[in-house]
Amino acid sequence: MSIISTDISKAVKLLNNEELVAIPTETVYGLAGNIFSEKAVKAIFETKQRPFFNPLIVHIPNIEYLETIVEDIPEKAKLLAEAFWPGPITLVLKKKSIIPDLITGGKDTVAVRIPNHPTILELLNQLKFPLAAPSANPFNRISPTKAEHVENYFKDQIKMVLDGGPCKSGIESTIIGFENGEPVIYRLGSTSIEAIETVVGTIEIKNSSAERSRSQKEVAPDAPGMLERHYAPKTKTILTSNLKEAVVANKDLRIGLLTYNDILNDDAIHFKIVLSESKNLEEAASKLYDALHQLDQQDLDLIIAERLPDYGLGKSINDRLIRATK
Ligand code: TXA
Ligand code: MG
């Protein structure tokens, strides 16, 4: 029997009972539990096979709740919260002691956001506690943007996926930390840098994939969403700006193509997904993970992905594609 359901009251019951429920958000599906239940939070880490040093995002119902869990909120954090919440921005702020150490991997900060999806907002309003929710995929695998993706991963481990339809944004939230009151991007995501800069001015990207592949390695990074290999299909994947050349060079393999809007046709290509025929970066972002899930099921030797334009959400998509090739 399917574990997918639209029954919010059933989700409330399970969560009140310290069980996990996969939840829809505007970015990706999350694997959610009561932040105050040690049993539920431990189950999140175990189900995902995620290392305990990698902290979780806390999802809250409204901006007033923020003061219950964090202190010393920088001015620019308030501006960002007002501009983008509910929405795909996560703020890393100084935690109050009410937040269990298990949530934050022992850090003195906590990542928090108000998601923008009617189903999860309704759910959060019916609960007496916030929800810890990482993306609902096993560690290092492709994030889920449909209830079916989660069911395929976890049908034997959890009792329910709360169905909210396909995720509209399709890439995780943008994560912003603060250093001396100044915002810093820890993870590129569904809110573009350009949009953020209109609110707080020029912002630095720390830990971008380009930086990490040059220097750091996979040990307790600042924002472990920045682990090098992440969001990865099982099929070997390469990223290129020259599709034709890559197809010719690999023509003896069973190739799958992930393109922005290219119309390249070649006998060597067994399966192809076009992210946005009209070259719309929002559309491309919303389709990215589902495309990777589909490509990964075609029994291919190689996925060739096309690099997108390096601005707006194109930057965030390229970041995920780079990680998919590691
Ligand atoms: O869109 C999203 O953000 C989705 C949906 C479900 O809300 N969630 C998500 O969670 O992507 P997750 O766990 O897959 O990624 C959260 C990232 C991790 O890379 C984690 O390291 C980082 O947030 N993070 C959490 N707490 C942090 C903290 N205190 N300091 C720095 N990074 C933190
Ligand atoms: Mg994740």
# chains A, B, ... in the order shown; residues from 1 in each chain; ligands from 1
>>> residues_near_ligand(ligand="ligand 1", cutoff="7 Å", atoms="only C-alpha atoms and all ligand atoms", output="ChimeraX atom specification")
/A:25,27-30,54-57,88,90,92,104,107,109-111,115,133-135,171-175,222-226
>>> closest_residue(among="A:Val199, A:Leu131, A:Val161, A:Cys167", to="Ile4 of chain A", atoms="only C-alpha atoms")
A:Val161
>>> closest_residue(among="A:Leu308, A:Ser192, A:Phe271, A:Asp7", to="Asn242 of chain A", atoms="only C-alpha atoms")
A:Leu308
>>> closest_residue(among="A:Asn250, A:Asn137, A:Asn125, A:Thr119", to="ligand 2", atoms="only C-alpha atoms and all ligand atoms")
A:Asn137
>>> closest_residue(among="A:Leu127, A:Leu253, A:Gly189, A:Lys315", to="ligand 2", atoms="only C-alpha atoms and all ligand atoms")
A:Gly189
>>> residues_around(residues="Gln297 of chain A", least_positions_apart="3", cutoff="10 Å", atoms="only C-alpha atoms", output="list in words")
Pro233, Lys234, Thr235, Leu292, His293, Gln294 and Leu300 of chain A
>>> write_last_selection(atoms="N, CA and C atoms", output="short mmCIF file (atom, residue, chain, number, x, y, z; two decimals), in the first residue's frame")
data_model
loop_
_atom_site.label_atom_id
_atom_site.label_comp_id
_atom_site.auth_asym_id
_atom_site.auth_seq_id
_atom_site.Cartn_x
_atom_site.Cartn_y
_atom_site.Cartn_z
N PRO A 233 23.39 11.53 -8.82
CA PRO A 233 22.83 10.32 -9.41
C PRO A 233 23.84 9.17 -9.23
N LYS A 234 23.36 7.93 -9.36
CA LYS A 234 24.29 6.80 -9.31
C LYS A 234 25.07 6.72 -10.62
N THR A 235 24.44 7.14 -11.71
CA THR A 235 25.07 7.10 -13.02
C THR A 235 26.16 8.16 -13.11
N LEU A 292 16.98 14.49 -13.05
CA LEU A 292 18.09 13.61 -12.61
C LEU A 292 17.56 12.26 -12.13
N HIS A 293 16.41 12.28 -11.40
CA HIS A 293 15.80 11.01 -10.98
C HIS A 293 15.47 10.17 -12.22
N GLN A 294 14.86 10.80 -13.23
CA GLN A 294 14.47 10.04 -14.43
C GLN A 294 15.69 9.51 -15.18
N LEU A 300 21.73 4.06 -17.97
CA LEU A 300 22.69 4.70 -18.87
C LEU A 300 24.13 4.46 -18.39
#
>>> atom_distance(atom1="atom CA of Glu151 of chain A", atom2="atom CA of Leu91 of chain A")
29.0 Å
>>> residues_around(residues="Ala324 of chain A", least_positions_apart="6", cutoff="10 Å", atoms="only C-alpha atoms", output="PyMOL selection string")
chain A and resi 140-142+228-239+292+305+318
>>> write_last_selection(atoms="all heavy atoms", output="short mmCIF file (atom, residue, chain, number, x, y, z; two decimals), in the first residue's frame")
data_model
loop_
_atom_site.label_atom_id
_atom_site.label_comp_id
_atom_site.auth_asym_id
_atom_site.auth_seq_id
_atom_site.Cartn_x
_atom_site.Cartn_y
_atom_site.Cartn_z
N ASN A 140 23.69 12.10 0.44
CA ASN A 140 24.42 12.15 -0.84
C ASN A 140 23.63 11.76 -2.08
O ASN A 140 24.19 11.65 -3.17
CB ASN A 140 25.69 11.28 -0.82
CG ASN A 140 26.81 11.95 -0.08
OD1 ASN A 140 26.71 13.13 0.26
ND2 ASN A 140 27.87 11.23 0.19
N ARG A 141 22.33 11.53 -1.95
CA ARG A 141 21.54 11.19 -3.14
C ARG A 141 20.74 12.40 -3.62
O ARG A 141 20.74 13.44 -2.98
CB ARG A 141 20.62 10.00 -2.83
CG ARG A 141 21.37 8.73 -2.42
CD ARG A 141 22.03 8.04 -3.59
NE ARG A 141 21.06 7.66 -4.61
CZ ARG A 141 20.27 6.60 -4.53
NH1 ARG A 141 20.33 5.80 -3.49
NH2 ARG A 141 19.40 6.32 -5.49
N ILE A 142 20.05 12.23 -4.75
CA ILE A 142 19.30 13.35 -5.34
C ILE A 142 18.12 13.73 -4.44
O ILE A 142 17.38 12.86 -3.98
CB ILE A 142 18.74 12.95 -6.73
CG1 ILE A 142 19.86 12.39 -7.62
CG2 ILE A 142 18.07 14.14 -7.40
CD1 ILE A 142 19.34 11.63 -8.83
N GLU A 228 31.27 18.11 -0.98
CA GLU A 228 31.55 18.09 -2.42
C GLU A 228 30.62 17.20 -3.22
O GLU A 228 30.01 17.62 -4.17
CB GLU A 228 32.99 17.63 -2.64
CG GLU A 228 33.93 18.79 -2.54
CD GLU A 228 35.32 18.43 -2.96
OE1 GLU A 228 35.57 17.27 -3.34
OE2 GLU A 228 36.16 19.32 -2.90
N ARG A 229 30.53 15.92 -2.81
CA ARG A 229 29.65 15.03 -3.56
C ARG A 229 28.29 15.05 -2.89
O ARG A 229 28.12 14.69 -1.74
CB ARG A 229 30.21 13.61 -3.56
CG ARG A 229 29.42 12.68 -4.44
CD ARG A 229 29.98 11.28 -4.44
NE ARG A 229 28.94 10.34 -4.82
CZ ARG A 229 28.52 10.17 -6.06
NH1 ARG A 229 29.05 10.84 -7.04
NH2 ARG A 229 27.55 9.32 -6.32
N HIS A 230 27.29 15.48 -3.61
CA HIS A 230 25.99 15.70 -3.01
C HIS A 230 25.02 15.73 -4.17
O HIS A 230 25.42 15.97 -5.29
CB HIS A 230 26.02 17.07 -2.31
CG HIS A 230 25.15 17.14 -1.10
ND1 HIS A 230 25.60 16.83 0.15
CD2 HIS A 230 23.85 17.46 -0.94
CE1 HIS A 230 24.63 17.00 1.02
NE2 HIS A 230 23.55 17.39 0.38
N TYR A 231 23.76 15.52 -3.91
CA TYR A 231 22.76 15.64 -4.97
C TYR A 231 23.14 14.75 -6.17
O TYR A 231 22.97 15.12 -7.32
CB TYR A 231 22.67 17.09 -5.46
CG TYR A 231 22.67 18.11 -4.34
CD1 TYR A 231 23.79 18.88 -4.05
CD2 TYR A 231 21.53 18.29 -3.57
CE1 TYR A 231 23.78 19.80 -3.01
CE2 TYR A 231 21.51 19.21 -2.53
CZ TYR A 231 22.64 19.96 -2.27
OH TYR A 231 22.62 20.86 -1.26
N ALA A 232 23.69 13.55 -5.88
CA ALA A 232 24.33 12.81 -6.96
C ALA A 232 23.51 11.64 -7.48
O ALA A 232 23.01 10.83 -6.72
CB ALA A 232 25.68 12.29 -6.46
N PRO A 233 23.39 11.53 -8.82
CA PRO A 233 22.83 10.32 -9.41
C PRO A 233 23.84 9.17 -9.23
O PRO A 233 25.03 9.42 -9.03
CB PRO A 233 22.71 10.65 -10.90
CG PRO A 233 23.06 12.09 -11.05
CD PRO A 233 23.81 12.50 -9.83
N LYS A 234 23.36 7.93 -9.36
CA LYS A 234 24.29 6.80 -9.31
C LYS A 234 25.07 6.72 -10.62
O LYS A 234 26.21 6.28 -10.66
CB LYS A 234 23.52 5.50 -9.11
CG LYS A 234 23.04 5.32 -7.69
CD LYS A 234 22.44 3.92 -7.54
CE LYS A 234 22.00 3.70 -6.12
NZ LYS A 234 20.89 2.72 -6.07
N THR A 235 24.44 7.14 -11.71
CA THR A 235 25.07 7.10 -13.02
C THR A 235 26.16 8.16 -13.11
O THR A 235 25.97 9.29 -12.64
CB THR A 235 24.02 7.40 -14.11
OG1 THR A 235 22.84 6.65 -13.83
CG2 THR A 235 24.54 7.07 -15.49
N LYS A 236 27.31 7.79 -13.70
CA LYS A 236 28.39 8.77 -13.88
C LYS A 236 27.84 9.97 -14.66
O LYS A 236 27.12 9.82 -15.65
CB LYS A 236 29.54 8.12 -14.65
CG LYS A 236 30.73 9.04 -14.88
CD LYS A 236 31.86 8.23 -15.54
CE LYS A 236 32.96 9.01 -16.18
NZ LYS A 236 33.43 10.23 -15.78
N THR A 237 28.19 11.15 -14.18
CA THR A 237 27.65 12.38 -14.77
C THR A 237 28.78 13.35 -15.08
O THR A 237 29.69 13.51 -14.27
CB THR A 237 26.65 13.03 -13.79
OG1 THR A 237 25.62 12.09 -13.48
CG2 THR A 237 26.02 14.28 -14.37
N ILE A 238 28.73 13.97 -16.26
CA ILE A 238 29.69 15.03 -16.56
C ILE A 238 28.95 16.31 -16.93
O ILE A 238 27.80 16.27 -17.36
CB ILE A 238 30.70 14.65 -17.68
CG1 ILE A 238 29.97 14.34 -19.00
CG2 ILE A 238 31.57 13.47 -17.27
CD1 ILE A 238 30.91 14.16 -20.19
N LEU A 239 29.65 17.43 -16.73
CA LEU A 239 29.04 18.74 -17.01
C LEU A 239 29.88 19.42 -18.08
O LEU A 239 31.10 19.41 -18.03
CB LEU A 239 29.07 19.56 -15.71
CG LEU A 239 28.50 20.97 -15.75
CD1 LEU A 239 27.01 20.93 -16.06
CD2 LEU A 239 28.73 21.64 -14.40
N LEU A 292 16.98 14.49 -13.05
CA LEU A 292 18.09 13.61 -12.61
C LEU A 292 17.56 12.26 -12.13
O LEU A 292 18.15 11.21 -12.42
CB LEU A 292 18.92 14.29 -11.52
CG LEU A 292 19.81 15.45 -11.99
CD1 LEU A 292 20.46 16.16 -10.81
CD2 LEU A 292 20.90 14.96 -12.95
N ALA A 305 25.48 16.57 -18.83
CA ALA A 305 24.64 17.71 -18.45
C ALA A 305 25.24 18.98 -19.02
O ALA A 305 26.46 19.15 -19.06
CB ALA A 305 24.55 17.81 -16.93
N ASN A 318 23.91 25.29 -11.63
CA ASN A 318 25.28 24.84 -11.94
C ASN A 318 25.96 24.29 -10.69
O ASN A 318 26.68 23.29 -10.75
CB ASN A 318 26.11 26.00 -12.51
CG ASN A 318 25.72 26.32 -13.95
OD1 ASN A 318 25.17 25.48 -14.66
ND2 ASN A 318 26.00 27.54 -14.38
#
>>> decode(residues="segment 127-141 of chain A", atoms="N, CA and C atoms", output="compact mmCIF listing (two decimals), in the first residue's frame")
# COMPACT_ATOMS: atom_id res chain seq x y z
N LEU A 127 0.54 22.23 14.84
CA LEU A 127 1.47 21.58 15.77
C LEU A 127 1.89 22.56 16.88
N LYS A 128 2.34 22.00 18.01
CA LYS A 128 2.79 22.86 19.11
C LYS A 128 4.31 22.97 19.12
N PHE A 129 4.96 22.48 18.07
CA PHE A 129 6.42 22.51 18.01
C PHE A 129 6.86 22.72 16.56
N PRO A 130 8.07 23.29 16.34
CA PRO A 130 8.60 23.40 14.98
C PRO A 130 9.05 22.03 14.46
N LEU A 131 9.31 21.97 13.18
CA LEU A 131 9.75 20.72 12.57
C LEU A 131 11.19 20.81 12.10
N ALA A 132 12.00 19.84 12.54
CA ALA A 132 13.32 19.67 11.95
C ALA A 132 13.12 18.89 10.66
N ALA A 133 13.68 19.40 9.56
CA ALA A 133 13.49 18.66 8.31
C ALA A 133 14.63 18.88 7.34
N PRO A 134 15.46 17.86 7.18
CA PRO A 134 16.42 17.88 6.07
C PRO A 134 15.71 17.41 4.81
N SER A 135 16.33 17.56 3.67
CA SER A 135 15.73 17.03 2.45
C SER A 135 15.53 15.52 2.60
N ALA A 136 14.42 14.99 2.05
CA ALA A 136 14.04 13.60 2.29
C ALA A 136 14.68 12.65 1.29
N ASN A 137 16.01 12.65 1.30
CA ASN A 137 16.76 11.72 0.46
C ASN A 137 17.84 11.07 1.32
N PRO A 138 18.25 9.83 0.99
CA PRO A 138 19.40 9.28 1.70
C PRO A 138 20.60 10.19 1.47
N PHE A 139 21.50 10.23 2.45
CA PHE A 139 22.70 11.07 2.40
C PHE A 139 23.39 10.95 1.04
N ASN A 140 23.69 12.10 0.44
CA ASN A 140 24.42 12.15 -0.84
C ASN A 140 23.63 11.76 -2.08
N ARG A 141 22.33 11.53 -1.95
CA ARG A 141 21.54 11.19 -3.14
C ARG A 141 20.74 12.40 -3.62
